[in-house]
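Okay, structure first, notes after.
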Amino acid sequence: MKGYLKKALAMTMAGVMVCGILTGCGSKTTETKAETTAETGAESAAGEASAEVKTVEDGVLKVAMECGYAPYNWTQPTDANGAVPISGSSDYAYGYDVMMAKYVAEKLGLELEIVKLDWDSLVPAVQSGTVDCVIAGQSITSDRLEMVDFTTPYYYASIITLVKADGPYADAKGVSDLDGATCTSQLNTVWYDTCIPQIPNVNQLPAQESAPAMLVALNAGKCDVVVTDMPTGMAATVAYPDFKLLDFSGTDDDYEVSEEEINIGISVMKDSPLTAQLNEALKDLTPEDFDSMMKEAISVQPLSE
């Protein structure tokens, strides 16, 4: 989960915000007037949209995350590569979620504030209005949708399995090959609640409070298997070279999950107009942009040093 990002976000943001140039067959005078009118109207609309964004603190987008879930988000001691100060701390936050938070805050014309919270405190913080939103690698599950609203996805994360490269399950080709394994994952995730129970005769250990904790459990030999998502798994193999990533996707023996459970979104208070405004900010980003930004986040995570 660690290191620092120099070019990808700037390039991505520049690419998605380039305005098209209108051309036509009219006279130069007509074209100039039309372009001037269009530009003025666009600037006016942007100004009005920004003014209509209602946040906890005027002019500020308060975004909550763990700041300990690389490559989505992590804590670092400096502002290297554009990391953002963590509210009430001398440390800084960076990672894919911070990149995305910076992007949407700029699109909305707001200053960004990162609020560091434990995983289980994220949804309550949105519900209570302590923060404006959560950008923290949250899956858009039906259970969460009962408590908060979500934007359109800002990442699509497939489910994978982590094992020790020299362990008894290193050659597993599907979920059924994990029969009898001792497993764990992070608390209140689709990985723990939905995927692990699908393993035959599984010995399901108590859930871990954080992603780093589940990786430590595997490294220490307390379990045979950890179920997580692809970005977390890719980051883990950098931090722990003796881990092996097993990807069963595309086979008949993969974990059964709904599309909503692998779609990652920004959570917002129920019925808040901010959801639509964030969707507007996200609309120009493509899955290719997401992948490019995530690869860069993985490459610069502190644990990659």
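A note on labels: chains of the structure tokens are A, B, ... as shown, every chain counts residues from 1, and ligands are counted from 1 in their shown order.
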Write down as a list in words the residues belonging to segment 54-169 of chain A that are assigned alpha helix (DSSP H) by DSSP computed on the backbone.
Tyr96, Asp97, Val98, Met99, Met100, Ala101, Lys102, Tyr103, Val104, Ala105, Glu106, Lys107, Leu122, Val123, Pro124, Ala125, Val126, Gln127, Ser128, Ser142, Asp143, Arg144 and Leu145 of chain A
Report as a tab-separated table: every residue of segment 185-241 of chain A with an atom at most 9 Å from segment 120-126 of chain A, its closest pair of atoms, and their distance in Å to one decimal, counting only C-alpha atoms, with rows sorted by chain and ascending residue number.
```
residue	atom	partner	partner_atom	distance
A:Leu187	CA	A:Asp120	CA	8.2
A:Asn188	CA	A:Asp120	CA	7.8
A:Glu209	CA	A:Asp120	CA	8.4
```
N, CA, C and O atoms of the current selection, written as an mmCIF file, in the first residue's frame:
```
data_model
loop_
_atom_site.group_PDB
_atom_site.id
_atom_site.type_symbol
_atom_site.label_atom_id
_atom_site.label_comp_id
_atom_site.auth_asym_id
_atom_site.auth_seq_id
_atom_site.Cartn_x
_atom_site.Cartn_y
_atom_site.Cartn_z
ATOM 1 N N LEU A 187 -13.931 -7.432 8.636
ATOM 2 C CA LEU A 187 -15.267 -7.284 9.208
ATOM 3 C C LEU A 187 -16.194 -6.482 8.304
ATOM 4 O O LEU A 187 -15.789 -5.496 7.699
ATOM 5 N N ASN A 188 -17.442 -6.944 8.222
ATOM 6 C CA ASN A 188 -18.487 -6.220 7.487
ATOM 7 C C ASN A 188 -18.136 -5.983 6.021
ATOM 8 O O ASN A 188 -18.302 -4.891 5.489
ATOM 9 N N GLU A 209 -10.576 -6.581 12.035
ATOM 10 C CA GLU A 209 -11.095 -5.213 12.054
ATOM 11 C C GLU A 209 -10.626 -4.373 10.868
ATOM 12 O O GLU A 209 -11.243 -3.364 10.551
#
```
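Of the residues listed (A:Pro200, A:Gly137, A:Gly174, A:Pro287), A:Gly137 shows the shortest atom-to-atom separation from Thr228 of chain A; distances use only C-alpha atoms.
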From a DSSP pass on the backbone, collect the residues of segment 52-213 of chain A flagged as strand (DSSP E or B) and hand them back as number ranges by chain.
A: 57, 60-65, 69, 73-76, 84-86, 92-94, 111-116, 133-139, 149-150, 155-156, 159-164, 182-184, 186, 203-204, 208
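If you look at atom CA of Thr184 of chain A and atom CA of Gly250 of chain A, they are 23.4 Å away from each other.
Interatomic distance, atom CA of Val268 of chain A against atom CA of Cys133 of chain A: 4.8 Å.
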Name all residues at most 10 Å from Leu110 of chain A (count only C-alpha atoms; drop same-chain ones fewer than 2 positions away) and give them as a ChimeraX atom specification.
/A:50-51,53,55,58-62,102,104-108,112-113
Skip Cys223 of chain A itself and residues of its chain fewer than 3 positions away, then list as an MDAnalysis selection string all residues within 12 Å of it, counting only C-alpha atoms.
chainID A and resid 162:164 167:169 180:185 202:208 213:220 226:227
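Considering only C-alpha atoms, the residue among A:Thr152, A:Gln127, A:Ser87, A:Thr232 positioned nearest to Glu280 of chain A is A:Thr152.
Of the residues under consideration (A:Thr237, A:Ser272, A:Thr151, A:Gln198), A:Gln198 shows the shortest atom-to-atom contact distance to Glu256 of chain A when counting only C-alpha atoms.
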What is the atom CA of Asp143 of chain A to atom CA of Pro197 of chain A distance in Å?
17.5 Å
